[in-house]
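Structure file run.cif (mmCIF, C-alpha atoms and all ligand atoms) is printed below.
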data_data
loop_
_atom_site.label_atom_id
_atom_site.label_comp_id
_atom_site.auth_asym_id
_atom_site.auth_seq_id
_atom_site.Cartn_x
_atom_site.Cartn_y
_atom_site.Cartn_z
CA MET A 3 56.54 -15.07 -8.94
CA ALA A 4 58.34 -12.40 -10.92
CA ASP A 5 58.14 -14.07 -14.34
CA GLY A 6 54.60 -15.38 -13.87
CA PRO A 7 51.57 -14.15 -15.85
CA LYS A 8 50.19 -10.65 -15.19
CA THR A 9 46.84 -10.78 -16.97
CA LEU A 10 44.13 -13.33 -17.68
CA LEU A 11 45.29 -13.71 -21.28
CA GLU A 12 48.86 -14.28 -20.17
CA ALA A 13 47.66 -16.75 -17.55
CA VAL A 14 45.67 -18.77 -20.08
CA ALA A 15 48.71 -18.94 -22.38
CA TYR A 16 51.21 -19.63 -19.60
CA PHE A 17 49.21 -22.37 -17.91
CA LYS A 18 48.65 -24.23 -21.20
CA ASP A 19 52.01 -25.81 -20.39
CA GLU A 20 51.66 -28.24 -17.49
CA ASN A 21 55.30 -27.69 -16.53
CA ASN A 22 54.54 -24.01 -15.98
CA CYS A 23 51.57 -24.93 -13.76
CA ILE A 24 53.72 -27.21 -11.64
CA LYS A 25 56.56 -24.70 -11.46
CA TYR A 26 54.20 -21.88 -10.48
CA LEU A 27 52.22 -23.79 -7.84
CA GLY A 28 55.32 -25.55 -6.54
CA ALA A 29 57.01 -22.20 -5.88
CA ILE A 30 53.99 -21.06 -3.85
CA ARG A 31 53.61 -24.31 -1.98
CA TRP A 32 57.26 -24.89 -1.22
CA PRO A 33 58.76 -21.38 -1.26
CA ASP A 34 62.15 -22.60 -0.02
CA GLY A 35 62.26 -25.09 -2.89
CA VAL A 36 62.10 -28.16 -0.64
CA VAL A 37 59.30 -30.43 -1.85
CA THR A 38 57.60 -32.21 1.05
CA CYS A 39 55.57 -35.42 0.84
CA PRO A 40 51.97 -34.47 1.77
CA THR A 41 51.41 -37.88 3.36
CA CYS A 42 54.43 -38.37 5.63
CA GLY A 43 56.20 -35.02 5.53
CA SER A 44 59.47 -36.46 4.27
CA THR A 45 61.62 -34.25 2.08
CA LYS A 46 63.27 -37.25 0.42
CA VAL A 47 61.25 -37.05 -2.75
CA SER A 48 62.15 -37.23 -6.41
CA PHE A 49 60.35 -35.81 -9.44
CA LEU A 50 59.21 -38.33 -12.05
CA GLU A 51 59.57 -36.33 -15.24
CA ASN A 52 57.30 -38.47 -17.41
CA GLN A 53 54.42 -38.63 -14.97
CA LYS A 54 54.79 -35.07 -13.71
CA ARG A 55 54.53 -36.41 -10.18
CA TRP A 56 56.78 -36.72 -7.21
CA GLN A 57 57.63 -39.95 -5.46
CA CYS A 58 58.40 -40.17 -1.76
CA SER A 59 61.36 -42.39 -0.85
CA SER A 60 59.42 -43.88 2.11
CA ARG A 61 57.15 -46.81 1.41
CA HIS A 62 53.57 -45.90 2.22
CA PRO A 63 50.25 -45.58 0.39
CA LYS A 64 49.99 -42.55 -1.89
CA ARG A 65 53.77 -42.23 -2.07
CA GLN A 66 53.41 -40.74 -5.54
CA PHE A 67 51.74 -37.37 -5.53
CA SER A 68 50.90 -34.62 -7.98
CA ILE A 69 50.81 -30.89 -7.27
CA LYS A 70 47.04 -31.26 -6.75
CA VAL A 71 47.35 -33.61 -3.77
CA GLY A 72 46.47 -31.92 -0.49
CA THR A 73 44.68 -29.02 -2.19
CA ILE A 74 41.13 -28.22 -3.28
CA MET A 75 42.03 -29.80 -6.65
CA GLU A 76 42.87 -33.22 -5.21
CA ASP A 77 41.00 -36.03 -7.02
CA SER A 78 39.77 -33.63 -9.69
CA PRO A 79 40.29 -34.99 -13.21
CA ILE A 80 40.05 -31.43 -14.56
CA SER A 81 43.47 -30.42 -15.84
CA LEU A 82 45.52 -27.58 -14.43
CA ASP A 83 45.24 -25.59 -17.67
CA LYS A 84 41.53 -25.28 -16.88
CA TRP A 85 41.74 -25.00 -13.10
CA LEU A 86 44.21 -22.13 -12.99
CA PRO A 87 42.34 -19.80 -15.38
CA VAL A 88 39.15 -20.46 -13.37
CA LEU A 89 40.99 -19.51 -10.19
CA TRP A 90 42.36 -16.42 -11.92
CA LEU A 91 38.83 -15.40 -12.90
CA ILE A 92 37.23 -15.91 -9.50
CA ALA A 93 40.10 -14.11 -7.76
CA ASN A 94 39.93 -11.10 -10.03
CA CYS A 95 36.49 -10.61 -11.58
CA ARG A 96 35.08 -7.80 -9.55
CA ASN A 97 31.51 -8.97 -10.00
CA GLY A 98 32.26 -12.66 -9.77
CA ILE A 99 32.02 -15.31 -12.44
CA SER A 100 29.19 -17.76 -13.03
CA SER A 101 29.40 -21.45 -13.73
CA TRP A 102 27.61 -20.80 -17.03
CA GLU A 103 30.37 -18.47 -18.19
CA ILE A 104 33.00 -21.07 -17.25
CA HIS A 105 30.97 -23.76 -19.00
CA ARG A 106 30.79 -21.76 -22.22
CA ASN A 107 34.43 -20.66 -22.24
CA LEU A 108 36.30 -23.72 -20.97
CA GLY A 109 34.29 -26.58 -22.39
CA VAL A 110 33.46 -28.22 -19.07
CA THR A 111 29.84 -28.89 -18.14
CA GLN A 112 28.02 -26.27 -16.10
CA LYS A 113 27.79 -28.71 -13.22
CA THR A 114 31.54 -29.31 -13.24
CA ALA A 115 32.13 -25.57 -13.46
CA TRP A 116 29.86 -25.01 -10.46
CA PHE A 117 31.73 -27.59 -8.41
CA MET A 118 35.08 -26.04 -9.38
CA LEU A 119 33.84 -22.63 -8.27
CA GLN A 120 32.56 -23.99 -4.97
CA ARG A 121 35.96 -25.55 -4.31
CA ALA A 122 37.61 -22.26 -5.22
CA ARG A 123 35.33 -20.51 -2.73
CA LEU A 124 36.54 -22.87 -0.03
CA ALA A 125 40.07 -21.67 -0.76
CA MET A 126 38.77 -18.11 -0.45
CA GLN A 127 37.51 -18.73 3.09
CA ASP A 128 39.29 -16.41 5.50
CA ASP A 129 41.87 -18.26 7.60
CA ARG A 130 41.67 -15.46 10.23
CA LYS A 131 45.44 -15.30 10.36
CA GLY A 132 45.10 -11.52 10.49
CA GLY A 133 43.75 -11.81 14.05
CA LYS A 134 40.90 -9.66 15.31
CA LEU A 135 39.59 -6.52 13.66
CA SER A 136 40.46 -3.30 15.50
CA GLY A 137 40.47 0.47 15.21
CA GLU A 138 37.15 1.73 13.87
CA VAL A 139 34.75 -1.11 13.08
CA GLU A 140 31.36 -0.79 11.40
CA ILE A 141 28.77 -3.42 12.28
CA ASP A 142 25.56 -3.95 10.35
CA GLU A 143 23.22 -6.63 9.08
CA THR A 144 21.43 -7.02 5.80
CA TYR A 145 18.85 -9.43 4.44
CA ILE A 146 19.18 -11.28 1.21
CA GLY A 147 16.12 -12.66 -0.53
CA GLY A 148 16.00 -16.23 -1.73
CA LYS A 149 13.35 -17.76 -3.90
CA ALA A 150 11.47 -20.57 -2.22
CA ARG A 151 11.84 -22.92 -5.16
CA ASN A 152 15.23 -24.54 -5.87
CA MET A 153 15.94 -24.42 -2.20
CA HIS A 154 17.30 -27.08 0.09
CA LYS A 155 14.56 -28.71 2.12
CA ALA A 156 16.00 -27.69 5.47
CA ALA A 157 16.62 -24.15 4.34
CA LYS A 158 13.13 -23.96 2.93
CA ALA A 159 11.56 -25.13 6.17
CA LYS A 160 13.72 -22.71 8.10
CA LYS A 161 12.86 -19.87 5.81
CA LEU A 162 9.14 -20.50 5.75
CA HIS A 163 9.03 -20.77 9.50
CA GLY A 164 11.09 -17.70 10.04
CA ALA A 165 13.84 -19.43 12.03
CA GLY A 166 12.71 -18.27 15.44
CA GLY A 167 11.76 -14.69 14.80
CA GLY A 168 14.00 -13.72 11.89
CA VAL A 169 12.78 -11.78 8.92
CA VAL A 170 10.64 -14.29 7.04
CA GLY A 171 11.67 -14.90 3.45
CA LYS A 172 15.15 -13.44 3.79
CA ILE A 173 18.54 -14.70 4.89
CA GLY A 174 20.35 -12.51 7.36
CA VAL A 175 24.00 -11.58 6.89
CA GLN A 176 26.11 -9.80 9.48
CA GLY A 177 29.10 -7.74 8.40
CA LEU A 178 32.02 -6.48 10.47
CA LEU A 179 34.12 -3.94 8.60
CA GLU A 180 37.34 -2.47 9.89
CA ARG A 181 37.68 0.93 8.25
CA GLY A 182 40.67 0.81 5.92
CA GLY A 183 41.02 -2.90 6.68
CA HIS A 184 39.23 -6.19 6.29
CA ILE A 185 35.62 -7.26 6.19
CA ARG A 186 34.12 -10.39 7.78
CA LEU A 187 30.74 -11.75 6.81
CA ARG A 188 28.55 -14.47 8.21
CA VAL A 189 25.05 -15.84 7.83
CA ILE A 190 22.91 -15.24 10.90
CA ASP A 191 19.68 -16.92 11.99
CA ASN A 192 18.08 -13.66 13.04
CA ASN A 193 19.08 -10.38 14.60
CA ASP A 194 18.59 -11.15 18.26
CA ARG A 195 21.35 -10.64 20.77
CA ARG A 196 22.54 -14.25 20.78
CA SER A 197 22.93 -14.22 17.02
CA VAL A 198 24.78 -10.96 16.57
CA VAL A 199 26.87 -10.26 19.67
CA PRO A 200 29.14 -13.35 20.10
CA ALA A 201 30.68 -12.80 16.64
CA ILE A 202 31.61 -9.27 17.61
CA GLN A 203 33.36 -10.49 20.72
CA GLU A 204 35.10 -13.18 18.70
CA HIS A 205 36.25 -10.97 15.83
CA VAL A 206 36.67 -7.46 17.18
CA GLU A 207 39.44 -6.48 19.59
CA SER A 208 37.97 -5.23 22.85
CA GLY A 209 38.48 -1.51 23.30
CA SER A 210 37.90 -0.83 19.59
CA GLN A 211 35.56 1.89 18.40
CA VAL A 212 32.42 0.24 17.00
CA TYR A 213 29.51 1.77 15.10
CA THR A 214 26.09 0.15 14.87
CA ASP A 215 22.53 1.23 14.21
CA GLN A 216 19.93 1.37 16.95
CA LEU A 217 19.15 -2.34 16.96
CA LYS A 218 18.39 -3.31 20.56
CA SER A 219 20.59 -6.39 20.35
CA TYR A 220 23.64 -4.15 20.29
CA PHE A 221 22.82 -2.41 23.55
CA GLY A 222 25.49 -3.25 26.09
CA LEU A 223 28.40 -3.39 23.68
CA CYS A 224 29.78 -0.36 25.52
CA ALA A 225 30.96 -2.73 28.26
CA ASP A 226 33.75 -3.95 25.94
CA TYR A 227 33.89 -1.31 23.23
CA ALA A 228 33.63 2.39 22.58
CA HIS A 229 30.17 2.15 21.04
CA ASP A 230 28.49 4.85 18.99
CA VAL A 231 25.01 4.39 17.64
CA ILE A 232 23.71 5.82 14.39
CA ASN A 233 20.41 7.53 14.58
CA HIS A 234 18.86 6.91 11.18
CA ALA A 235 15.99 9.22 12.03
CA GLU A 236 18.36 12.16 11.94
CA ALA A 237 18.75 13.69 8.52
CA TYR A 238 22.51 14.21 8.64
CA VAL A 239 25.57 12.03 8.99
CA ASN A 240 27.04 12.70 12.38
CA GLY A 241 30.77 12.90 11.63
CA GLN A 242 32.45 9.51 11.95
CA ILE A 243 29.33 7.83 13.30
CA HIS A 244 27.99 5.92 10.33
CA THR A 245 28.09 2.50 8.66
CA ASN A 246 28.40 3.82 5.12
CA GLY A 247 31.30 1.49 4.33
CA LEU A 248 29.14 -1.54 4.99
CA GLU A 249 26.10 -0.05 3.36
CA ASN A 250 28.09 0.46 0.15
CA PHE A 251 29.32 -3.11 0.42
CA TRP A 252 25.76 -4.43 0.84
CA SER A 253 24.53 -2.67 -2.26
CA LEU A 254 27.38 -4.14 -4.35
CA LEU A 255 26.84 -7.58 -2.82
CA LYS A 256 23.15 -7.55 -3.66
CA ARG A 257 23.81 -6.37 -7.18
CA ASP A 258 26.31 -9.21 -7.73
CA LEU A 259 24.13 -11.88 -6.17
CA GLY A 260 21.20 -10.72 -8.26
CA GLY A 261 23.22 -10.42 -11.45
CA THR A 262 26.03 -12.92 -11.82
CA TYR A 263 24.58 -15.62 -9.61
CA VAL A 264 20.92 -15.10 -10.46
CA SER A 265 19.66 -16.82 -7.33
CA VAL A 266 21.97 -18.32 -4.76
CA GLU A 267 20.50 -21.09 -2.67
CA PRO A 268 20.52 -20.10 1.00
CA PHE A 269 22.33 -23.34 1.82
CA HIS A 270 25.30 -22.11 -0.25
CA LEU A 271 25.13 -18.41 0.55
CA PHE A 272 28.09 -18.48 2.95
CA ARG A 273 30.39 -19.60 0.12
CA TYR A 274 29.43 -16.59 -1.98
CA LEU A 275 30.04 -14.40 1.05
CA ASP A 276 33.52 -15.94 1.41
CA GLU A 277 34.17 -15.12 -2.24
CA GLN A 278 33.04 -11.50 -1.94
CA ALA A 279 34.99 -11.00 1.28
CA PHE A 280 38.14 -12.49 -0.26
CA ARG A 281 38.16 -10.04 -3.15
CA TYR A 282 37.39 -7.13 -0.81
CA ASN A 283 40.15 -8.17 1.59
CA HIS A 284 42.64 -8.55 -1.24
CA ARG A 285 41.98 -5.23 -2.95
CA ARG A 286 45.06 -3.59 -1.42
CA ASN A 287 48.54 -4.53 -0.30
CA ALA A 288 49.69 -3.95 3.26
CA ASP A 289 51.22 -0.60 2.21
CA GLY A 290 47.87 0.61 0.84
CA SER A 291 48.75 0.30 -2.84
CA LYS A 292 46.39 -1.48 -5.22
CA MET A 293 46.92 -5.24 -5.28
CA SER A 294 47.70 -6.65 -8.73
CA GLU A 295 45.67 -9.43 -10.34
CA ALA A 296 48.76 -11.62 -10.25
CA ASP A 297 49.20 -11.12 -6.49
CA ARG A 298 45.51 -11.78 -5.77
CA PHE A 299 45.69 -14.97 -7.81
CA SER A 300 48.89 -16.02 -6.09
CA SER A 301 47.28 -15.46 -2.70
CA LEU A 302 44.31 -17.62 -3.69
CA CYS A 303 46.69 -20.37 -4.83
CA SER A 304 48.47 -20.29 -1.48
CA HIS A 305 45.09 -20.76 0.28
CA MET A 306 44.30 -23.91 -1.70
CA VAL A 307 46.65 -26.07 0.29
CA GLY A 308 45.24 -28.14 3.13
CA ARG A 309 41.65 -27.63 2.04
CA ARG A 310 39.34 -30.27 0.59
CA LEU A 311 35.72 -30.28 -0.42
CA THR A 312 33.99 -33.45 -1.51
CA TYR A 313 30.77 -33.73 -3.42
CA LYS A 314 29.05 -35.09 -0.34
CA GLN A 315 30.24 -32.27 1.90
CA LEU A 316 29.11 -29.81 -0.68
CA THR A 317 25.64 -31.13 -1.37
CA GLY A 318 24.86 -33.35 1.59
CA LYS A 319 24.35 -36.20 -0.90
CA GLU A 320 26.38 -39.22 -1.90
CA GLU A 321 27.80 -38.86 -5.35
CA GLN A 322 25.90 -41.13 -7.72
CA ARG A 323 27.76 -43.75 -9.62
CA ASP A 324 26.70 -42.42 -12.98
CA GLU A 325 27.57 -38.89 -11.97
CA GLU A 326 30.27 -37.35 -14.10
CA ALA A 327 33.61 -36.79 -12.45
CA PHE A 328 34.42 -33.35 -11.12
ZN ZN B 401 56.04 -39.81 2.17
#

Could I get this structure in the form of structure tokens?
Amino acid sequence: MADGPKTLLEAVAYFKDENNCIKYLGAIRWPDGVVTCPTCGSTKVSFLENQKRWQCSSRHPKRQFSIKVGTIMEDSPISLDKWLPVLWLIANCRNGISSWEIHRNLGVTQKTAWFMLQRARLAMQDDRKGGKLSGEVEIDETYIGGKARNMHKAAKAKKLHGAGGGVVGKIGVQGLLERGGHIRLRVIDNNDRRSVVPAIQEHVESGSQVYTDQLKSYFGLCADYAHDVINHAEAYVNGQIHTNGLENFWSLLKRDLGGTYVSVEPFHLFRYLDEQAFRYNHRRNADGSKMSEADRFSSLCSHMVGRRLTYKQLTGKEEQRDEEAF
């Protein structure tokens, strides 16, 4: 949106006005200007100025809807003038943003802030519309430490028992990085063949050039790929055969997880991976130029639609009656 905010300060000021929020999100959601009822798909809808909601002309439940309906913000009592700055921050803060920072700056509780961020991370989940990775692809795994306390029961049991031969005490993460392109990250149970190879077949175009280390599980990739293996015992980098792109990414990831997020529960690690991958994958425009904060924010807003995350889905628990609203 050409006249939209360009910086965090501008965003905070601009989104103070609910009409601006609705105008901004509406333009992303309905780019051709035709508002569509999220329940029945009808375009016969009218805007109710006083309530800042639309009303569908068909008679059905939920015929009145706000801009939040059908997005990660649906059912959230938190107002748009708080939601949108939070989304701006998570889209653009290179090292991430913690629920404590949101709590202190926006006047919502830390728990509410955490839930907002988890919903935002759902919007950051890659929709894979870019298809498979191709060209030169680096493949590597890393292990992220979690403290045994504050951990979900299942995760704790899994961790303490090593999840069938994994590295005990650490959570494995596999990264696939297309050089000059996108990264994809996932939590893995361990580094055996069954855990690491199917994702490569699913996400990397066959015939691509792939680089891995000498992990045995990767033997045999040459059936589908041009596969070069890094020999870490050698003291020099052998031309293009390296996974330095991923190794740089891992060191930044670990610094952020250790800093901003203090200790991420293993159960929630994949959401933090989605967040990190989103910012990495939105660092540049298709033409290679640097993506602006405004464009990264706008892209996040467009990914909010059609995604929902309830308290129960998030925590595995029913929301308690006396629980505050999120
Ligand atoms: Zn309708």

**Asked** When the cut-off is 7 Å and you count all atoms listed in the file, which residues lie near ligand ZN 401 (chain B), shown as an NGL selection string?
**Response** :A and (39-44 or 58-60 or 62 or 65)

**Message:** Here is a test: counting only C-alpha atoms, which residue of A:Thr73, A:Gln278, A:Gln112, A:Thr214 is nearest to A:Cys303?
**Reply:** A:Thr73

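Between atom CA of A:Tyr16 and atom CA of A:Thr38 there is a distance of 25.0 Å.
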
**Complete:** Pairwise distance, atom CA of A:Lys46 with atom CA of A:Gly308, equals 20.4 Å

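Taking atom CA of A:His244 and atom CA of A:Ala228 as endpoints, the distance between them is 13.9 Å.
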
**Fill in**
One residue among A:His184, A:Arg309, A:Lys18, A:Arg61 is nearest to A:Pro87 when using all atoms listed in the file, and that residue is A:Lys18

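Shortest separation to A:Glu143 among A:Asn192, A:Thr317, A:Asn97, A:Asn240 occurs at residue A:Asn192, atoms counted being all atoms listed in the file.
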
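Taking all atoms listed in the file into account, A:Asp276 lies nearest to A:Leu124 out of the set A:Ile74, A:Ile104, A:Leu124, A:Ile190.
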
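Residues in contact with A:Gly241 at up to 12 Å, not including ones fewer than 2 positions away on its chain and judged by all atoms listed in the file, are Tyr213, Asp230, Val231, Ile232, Tyr238, Val239, Ile243, His244, Thr245 and Asn246 of chain A.
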
Residue selection dump (C-alpha atoms) as a PDB file, in the coordinates of the input:
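Writing the result to part.pdb gives the following:
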ATOM      1  CA  TYR A 213      29.510   1.770  15.100  1.00  0.00           C
ATOM      2  CA  ASP A 230      28.490   4.850  18.990  1.00  0.00           C
ATOM      3  CA  VAL A 231      25.010   4.390  17.640  1.00  0.00           C
ATOM      4  CA  ILE A 232      23.710   5.820  14.390  1.00  0.00           C
ATOM      5  CA  TYR A 238      22.510  14.210   8.640  1.00  0.00           C
ATOM      6  CA  VAL A 239      25.570  12.030   8.990  1.00  0.00           C
ATOM      7  CA  ILE A 243      29.330   7.830  13.300  1.00  0.00           C
ATOM      8  CA  HIS A 244      27.990   5.920  10.330  1.00  0.00           C
ATOM      9  CA  THR A 245      28.090   2.500   8.660  1.00  0.00           C
ATOM     10  CA  ASN A 246      28.400   3.820   5.120  1.00  0.00           C
TER      11      ASN A 246
END

**Prompt:** Could you pull the residues within 8 Å of A:Tyr145, counting all atoms listed in the file, minus those fewer than 4 positions along the same chain, as number ranges by chain?
**Reply:** A: 169, 172-175

Selection file, C-alpha atoms, as an mmCIF file, keeping the file's coordinate frame:
data_model
loop_
_atom_site.group_PDB
_atom_site.id
_atom_site.type_symbol
_atom_site.label_atom_id
_atom_site.label_comp_id
_atom_site.auth_asym_id
_atom_site.auth_seq_id
_atom_site.Cartn_x
_atom_site.Cartn_y
_atom_site.Cartn_z
ATOM 1 C CA VAL A 169 12.780 -11.780 8.920
ATOM 2 C CA LYS A 172 15.150 -13.440 3.790
ATOM 3 C CA ILE A 173 18.540 -14.700 4.890
ATOM 4 C CA GLY A 174 20.350 -12.510 7.360
ATOM 5 C CA VAL A 175 24.000 -11.580 6.890
#

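When all atoms listed in the file are used to compute distances to A:Ile80, the closest of the residues A:Val198, A:Met118, A:Ala93, A:Val36 turns out to be A:Met118.
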
Would you pick out the contacts of A:Val37 at 8 Å or less, using all atoms listed in the file, so that residues sharing its chain but fewer than 2 positions from it are not included, and give the list as a PDB file with C-alpha atoms, in the frame of the given file?
ATOM      1  CA  GLY A  28      55.320 -25.550  -6.540  1.00  0.00           C
ATOM      2  CA  TRP A  32      57.260 -24.890  -1.220  1.00  0.00           C
ATOM      3  CA  GLY A  35      62.260 -25.090  -2.890  1.00  0.00           C
ATOM      4  CA  CYS A  39      55.570 -35.420   0.840  1.00  0.00           C
ATOM      5  CA  THR A  45      61.620 -34.250   2.080  1.00  0.00           C
ATOM      6  CA  VAL A  47      61.250 -37.050  -2.750  1.00  0.00           C
TER       7      VAL A  47
END

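If you measure from each of A:Leu91, A:Ala296, A:Leu50, A:Leu302 to A:Lys8 using only C-alpha atoms, the closest one turns out to be A:Ala296.
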
**Request:** Could you pull out every residue with an atom within 7 Å of (25.9, -3.0, 5.8), file coordinates, counting only C-alpha atoms, and send them as a PyMOL selection string?
**Result:** chain A and resi 142-144+177+245+248-252

Store the residues picked out above in a file with C-alpha atoms, as a compact mmCIF listing (two decimals), in the frame of the given file.
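File written: part_11.txt
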# COMPACT_ATOMS: atom_id res chain seq x y z
CA ASP A 142 25.56 -3.95 10.35
CA GLU A 143 23.22 -6.63 9.08
CA THR A 144 21.43 -7.02 5.80
CA GLY A 177 29.10 -7.74 8.40
CA THR A 245 28.09 2.50 8.66
CA LEU A 248 29.14 -1.54 4.99
CA GLU A 249 26.10 -0.05 3.36
CA ASN A 250 28.09 0.46 0.15
CA PHE A 251 29.32 -3.11 0.42
CA TRP A 252 25.76 -4.43 0.84

**Message:** Is it possible to get the residues within 10 Å of (45.3, -25.1, -14.2) (coordinates as in the file, counting only C-alpha atoms) written as a PyMOL selection string?
**Reply:** chain A and resi 13-14+16-20+22-24+27+70+75+80-90

Write the residues of the selection above to a file with C-alpha atoms, as a short mmCIF file (atom, residue, chain, number, x, y, z; two decimals), in the coordinates of the input.
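Output file out.cif follows:
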data_model
loop_
_atom_site.label_atom_id
_atom_site.label_comp_id
_atom_site.auth_asym_id
_atom_site.auth_seq_id
_atom_site.Cartn_x
_atom_site.Cartn_y
_atom_site.Cartn_z
CA ALA A 13 47.66 -16.75 -17.55
CA VAL A 14 45.67 -18.77 -20.08
CA TYR A 16 51.21 -19.63 -19.60
CA PHE A 17 49.21 -22.37 -17.91
CA LYS A 18 48.65 -24.23 -21.20
CA ASP A 19 52.01 -25.81 -20.39
CA GLU A 20 51.66 -28.24 -17.49
CA ASN A 22 54.54 -24.01 -15.98
CA CYS A 23 51.57 -24.93 -13.76
CA ILE A 24 53.72 -27.21 -11.64
CA LEU A 27 52.22 -23.79 -7.84
CA LYS A 70 47.04 -31.26 -6.75
CA MET A 75 42.03 -29.80 -6.65
CA ILE A 80 40.05 -31.43 -14.56
CA SER A 81 43.47 -30.42 -15.84
CA LEU A 82 45.52 -27.58 -14.43
CA ASP A 83 45.24 -25.59 -17.67
CA LYS A 84 41.53 -25.28 -16.88
CA TRP A 85 41.74 -25.00 -13.10
CA LEU A 86 44.21 -22.13 -12.99
CA PRO A 87 42.34 -19.80 -15.38
CA VAL A 88 39.15 -20.46 -13.37
CA LEU A 89 40.99 -19.51 -10.19
CA TRP A 90 42.36 -16.42 -11.92
#

Edge lengths and centre in Å to one decimal, as AutoDock Vina command-line options, of the axis-aligned box that encloses all listed atoms of stretch 13-24 of chain A with 6 Å added on every side?
--center_x 50.5 --center_y -22.5 --center_z -17.0 --size_x 21.6 --size_y 23.5 --size_z 22.7
